[in-house]
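Step one of this worksheet: look at the structure below.
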Amino acid sequence: VTGSRLWHPFANMAQVAGKEVVITRGEDVWLWDEEGERYLDGTASLWYANIGHGRQEIAAAVSRQMEQLEAYFVFNEFSTPPALELAERLASLSPSPDPRVFLTSGGGDSIDTAAKLARLYWNEMGRPEKRHILSRTHAYHGTHGIGTSITGIPANRQGYGPLLEHVEQVPYDSVEAMRTAIEALGSDTVAAVFAEPVIGAGGVYPPPPGYLEGLASLCRELGVLFVADTVICGFGRLGTWFGVERFGLEPDMIVFAKGVTSGYLPLGGVIVSGEVAAPFWEGDGAAFRHGATYSGHAACCAAALANLNILEREDLLPRGQLLERQLLDALSPLADHELVAEVRGGTGLMAAVELAPEMRDRGFDPGAFTRVVRRHGVLVRPLGSAIAISPPLTVTEEHLEQITAAIHAGLESVAAGSTAALG
Ligand SMILES: Cc1ncc(COP(=O)(O)O)c(C=O)c1O
């Protein structure tokens with residue numbers, strides 16, 4: 001093989017092999033590669049480094065936990081202090097009524113958990129025919145079995161043969177389209193609707209005004225569970241704990257991951273309303289025969305608790321909303337460039353710069369263009385036909401300008417056909 005033997009997720013290894021970028025160090029919004037080159041992290045890694053990189057406080061909290069007890073499982077009646085404390089803390093922060101917290105290792109895990117629980121809930125309620133799961137075009141819900149089945153990004157579903165049955169994608173921006181889809185299936189066959197507050201990995205599509213509120217009330221009216229996938233939108237990205245508070249939503253389930261630990265260790269979960277938990281927690285109850293080895297992993301929970309402390313103490317949470325306008329204002333002038341089709345964003349500290357078809361005509365797909373931007377000291381990511389911007393919540397206005405300047409410089413060098421761009 002050329003280069004390493006690491007098979008990179010989402011990569012065409014025939015193209016990546018031998019061209020790896022090896023990141024060796026991080027501090028706040030800055031990253032360094034093995035050559036000592038410094039970059040501004042324009043995307044908070046994969047939308048998760050909300051508090052920035054290199055916090056010793058988290059390393060110390062994890063180390064203390066590991067010295068005491070690295071992990072013990074939380075199946076059946078077992079638990080550990082950090083798992084119990086994290087569940088309490090997340091429950092108290094969540095807008096859900098009387099919530100229960102199921103912990104997992106990440107977003108995709110949590111999507112599978114929420115979808116299985118939605119179907120099992122209706123089964124326990126004596127309505128097993130309620131099993132359709134509806135999601136939205138452009139939606140990204142991870143790459144586990146169910147997330148792959150319900151994604152609104154067709155390329156992520158192709159080639160695997162038959163996936164989960166009884167799923168359907170509906171245009172992302174229309175409550176009426178969702179109503180039509182549910183009524184066509186019959187609401188007595190629909191278990192749940194899954195929705196990201198702002199669609200992230202599918203291209204950064206903020207909800208049209210009133211959309212999420214309308215979707216939640218449609219679900220209530222038709223007796224369908226409303227599941228908010230806040231994996232990207234939570235923990236400050238939209239300026240609140242779970243993103244949904246901005247729209248006054250009280251979802252039946254809230255799926256979270258990423259920013260809950262700012263990525264210092266892998267952890268995710270599902271916050272389940274008391275009503276959905278009831279058949280499992282009350283009367284004779286029922287077992288949810290689901291859970292992975294590292295559910296509630298003690299060291300991961302310790303990382304989450306330390307991360308929540310930092311978000312609170314440094315008042316970072318509101319910054320996702322405070323900076324949303326500045327980010328969009330900084331990036332918007334790029335829309336005038338001949339190689340840019342549009343700039344999307346404005347809800348939360350996340351945006352996309354959609355590249356014009358001429359960019360491809362000049363030999364640059366979005367991935368190739370991010371490599372041009374990298375030469376100007378900023379790391380951004382390809383997102384379909386766009387590039388994503390979603391920096392840590394610790395960014396300053398100056399950093400936002402730096403990100404914009406690097407993208408602009410990249411556009412100019414491609415437009416000029418400069419050899420530096422092709423390098
Ligand atoms: C909205 C959303 N849901 C689910 C996931 C999957 O999370 P994970 O990659 O931790 O499995 C992601 C990951 O980007 C996401 O953005």
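Chain labels A, B, ... are given in the sequence in which chains occur in the structure tokens; within each chain residues are numbered consecutively from 1, and ligands are likewise numbered from 1 in the order shown.
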Output the neighbourhood of ligand 1 as a ChimeraX atom specification, that is, all protein and nucleic acid residues with some atom at most 8 Å from the ligand, counting only C-alpha atoms and all ligand atoms.
-> /A:46-47,105-111,139-144,147,196,199-201,229-233,255-258,266-268
Generate a file of the selected residues that holds C-alpha atoms, formatted as an mmCIF file, in the first residue's frame.
data_model
loop_
_atom_site.group_PDB
_atom_site.id
_atom_site.type_symbol
_atom_site.label_atom_id
_atom_site.label_comp_id
_atom_site.auth_asym_id
_atom_site.auth_seq_id
_atom_site.Cartn_x
_atom_site.Cartn_y
_atom_site.Cartn_z
ATOM 1 C CA LEU A 46 -16.757 17.175 12.702
ATOM 2 C CA TRP A 47 -19.084 19.821 14.248
ATOM 3 C CA SER A 105 -21.410 5.978 22.190
ATOM 4 C CA GLY A 106 -22.411 8.540 19.554
ATOM 5 C CA GLY A 107 -25.003 9.936 17.188
ATOM 6 C CA GLY A 108 -25.644 6.933 14.956
ATOM 7 C CA ASP A 109 -26.012 4.720 18.016
ATOM 8 C CA SER A 110 -28.543 7.147 19.405
ATOM 9 C CA ILE A 111 -30.549 7.266 16.178
ATOM 10 C CA ALA A 139 -31.372 14.745 6.455
ATOM 11 C CA TYR A 140 -28.254 13.108 7.887
ATOM 12 C CA HIS A 141 -28.786 10.744 10.806
ATOM 13 C CA GLY A 142 -25.452 8.916 10.789
ATOM 14 C CA THR A 143 -24.399 5.713 9.083
ATOM 15 C CA HIS A 144 -25.657 2.934 11.355
ATOM 16 C CA GLY A 147 -29.577 6.095 10.088
ATOM 17 C CA GLU A 196 -32.717 18.018 12.707
ATOM 18 C CA ILE A 199 -30.028 20.235 8.777
ATOM 19 C CA GLY A 200 -26.257 19.943 9.091
ATOM 20 C CA ALA A 201 -24.259 17.374 7.168
ATOM 21 C CA ASP A 229 -31.878 14.930 16.118
ATOM 22 C CA THR A 230 -29.762 17.570 17.845
ATOM 23 C CA VAL A 231 -26.445 15.797 17.317
ATOM 24 C CA ILE A 232 -25.015 18.897 15.611
ATOM 25 C CA CYS A 233 -27.418 21.539 16.943
ATOM 26 C CA VAL A 255 -31.021 12.598 20.160
ATOM 27 C CA PHE A 256 -27.664 14.107 21.138
ATOM 28 C CA ALA A 257 -23.909 13.415 20.780
ATOM 29 C CA LYS A 258 -20.896 15.451 19.598
ATOM 30 C CA PRO A 266 -17.160 9.477 22.347
ATOM 31 C CA LEU A 267 -20.616 9.731 23.885
ATOM 32 C CA GLY A 268 -24.187 10.266 22.787
#
Find the residues around region 318-333 of chain A up to 9 Å (only C-alpha atoms counted), leave out those fewer than 3 positions away in its own chain, and share them as a PyMOL selection string.
-> chain A and resi 235-240+315+336-337+342-353+389+392-397+400-401+403-404+407
Kindly give the distance, in Å, that separates CA of Ser79 (chain A) and CA of Ser295 (chain A), rounded to a single decimal.
->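 Separating CA of Ser79 (chain A) from CA of Ser295 (chain A) is a distance of 10.3 Å.
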Counting only C-alpha atoms, what is within 8 Å of Met253 (chain A), bar same-chain residues fewer than 4 positions away, as a VMD selection string?
-> chain A and resid 96 114 225 to 228 270 to 273
Include N, CA and C atoms and write out the residues we just selected as a short mmCIF file (atom, residue, chain, number, x, y, z; two decimals), in the first residue's frame.
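Written out: again-v6.cif:
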data_model
loop_
_atom_site.label_atom_id
_atom_site.label_comp_id
_atom_site.auth_asym_id
_atom_site.auth_seq_id
_atom_site.Cartn_x
_atom_site.Cartn_y
_atom_site.Cartn_z
N SER A 96 -37.55 18.50 27.87
CA SER A 96 -38.55 17.42 27.86
C SER A 96 -39.24 17.30 29.20
N ALA A 114 -33.27 5.56 19.29
CA ALA A 114 -34.53 6.31 19.27
C ALA A 114 -35.54 5.65 18.32
N LEU A 225 -44.83 10.31 17.10
CA LEU A 225 -43.75 10.81 17.95
C LEU A 225 -42.86 11.76 17.17
N PHE A 226 -42.42 12.81 17.84
CA PHE A 226 -41.54 13.80 17.23
C PHE A 226 -40.15 13.64 17.84
N VAL A 227 -39.19 13.24 17.01
CA VAL A 227 -37.83 12.99 17.48
C VAL A 227 -36.91 14.07 16.90
N ALA A 228 -36.28 14.84 17.79
CA ALA A 228 -35.35 15.88 17.33
C ALA A 228 -33.94 15.31 17.35
N VAL A 270 -30.04 9.53 24.16
CA VAL A 270 -31.41 9.92 23.82
C VAL A 270 -32.10 10.36 25.10
N ILE A 271 -32.69 11.54 25.07
CA ILE A 271 -33.52 12.00 26.18
C ILE A 271 -34.96 11.66 25.82
N VAL A 272 -35.59 10.88 26.67
CA VAL A 272 -36.92 10.34 26.37
C VAL A 272 -37.93 10.98 27.31
N SER A 273 -39.03 11.46 26.77
CA SER A 273 -40.04 12.09 27.63
C SER A 273 -40.65 11.05 28.57
#
Check the smallest atom-to-atom distance from each of A:Cys301, A:Val224, A:Leu215, A:Ala59 to Val260 (chain A) using only C-alpha atoms, then report the winner.
-> A:Cys301
Find the residues around region 89-91 of chain A up to 7 Å (only C-alpha atoms counted), leave out those fewer than 6 positions away in its own chain, and share them as a count of residues only.
-> 3
What is the distance between CA of Ala409 (chain A) and CA of Thr24 (chain A), in Å to one decimal?
-> 25.6 Å
Find the residues near Pro207 (chain A): any atom within 10 Å, counting only C-alpha atoms, skip ones fewer than 4 places away on the same chain, and give them as a PyMOL selection string.
-> chain A and resi 172-174+196-199+211-213+347
Once you have the residues from the selection above, write them out as a compact mmCIF listing (two decimals), in the first residue's frame, restricted to N, CA, C and O atoms.
# COMPACT_ATOMS: atom_id res chain seq x y z
N TYR A 172 -37.89 18.68 2.86
CA TYR A 172 -37.41 19.11 4.19
C TYR A 172 -38.08 20.37 4.72
O TYR A 172 -38.00 20.65 5.91
N ASP A 173 -38.73 21.12 3.82
CA ASP A 173 -39.14 22.47 4.20
C ASP A 173 -40.66 22.66 4.24
O ASP A 173 -41.12 23.79 4.31
N SER A 174 -41.43 21.56 4.19
CA SER A 174 -42.87 21.74 4.07
C SER A 174 -43.64 20.89 5.08
O SER A 174 -43.61 19.66 5.03
N GLU A 196 -33.77 17.17 12.15
CA GLU A 196 -32.72 18.02 12.71
C GLU A 196 -33.26 19.45 12.77
O GLU A 196 -33.85 19.91 11.78
N PRO A 197 -33.03 20.18 13.87
CA PRO A 197 -33.48 21.57 13.91
C PRO A 197 -32.92 22.38 12.74
O PRO A 197 -33.68 23.00 11.99
N VAL A 198 -31.60 22.37 12.57
CA VAL A 198 -30.99 22.87 11.33
C VAL A 198 -30.33 21.65 10.69
O VAL A 198 -29.55 20.97 11.35
N ILE A 199 -30.67 21.36 9.45
CA ILE A 199 -30.03 20.23 8.78
C ILE A 199 -28.55 20.57 8.63
O ILE A 199 -28.21 21.66 8.15
N TYR A 211 -41.49 26.38 10.52
CA TYR A 211 -41.52 24.99 10.07
C TYR A 211 -41.47 24.01 11.25
O TYR A 211 -42.32 23.09 11.34
N LEU A 212 -40.49 24.18 12.14
CA LEU A 212 -40.32 23.19 13.22
C LEU A 212 -41.50 23.20 14.18
O LEU A 212 -41.97 22.14 14.62
N GLU A 213 -41.99 24.42 14.47
CA GLU A 213 -43.15 24.53 15.36
C GLU A 213 -44.34 23.82 14.71
O GLU A 213 -45.10 23.09 15.38
N THR A 347 -28.87 30.52 11.25
CA THR A 347 -29.46 29.94 12.46
C THR A 347 -28.38 29.08 13.11
O THR A 347 -28.08 27.98 12.66
For Pro128 (chain A), list every protein, DNA or RNA residue within 12 Å, evaluated using only C-alpha atoms, and leave out those in the same chain fewer than 3 positions away; present the list as a list in words.
-> Ala118, Arg119, Leu120, Tyr121, Trp122, Asn123, Glu124, Met125, Arg131, His132, Asp188, Thr189, Val190 and Ala191 of chain A
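Across region 100-265 of chain A, DSSP run on the backbone finds strand (DSSP E) at A:Arg100, A:Val101, A:Phe102, A:Leu103, A:Thr104, A:His132, A:Ile133, A:Leu134, A:Ser135, A:Arg136, A:Val167, A:Glu168, A:Gln169, A:Val170, A:Val190, A:Ala191, A:Ala192, A:Val193, A:Phe194, A:Ala195, A:Leu225, A:Phe226, A:Val227, A:Ala228, A:Asp229, A:Met253, A:Ile254, A:Val255, A:Phe256.
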Kindly give the distance, in Å, that separates CA of Ala49 (chain A) and CA of Leu316 (chain A), rounded to a single decimal.
->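 Those two atoms sit 12.1 Å apart.
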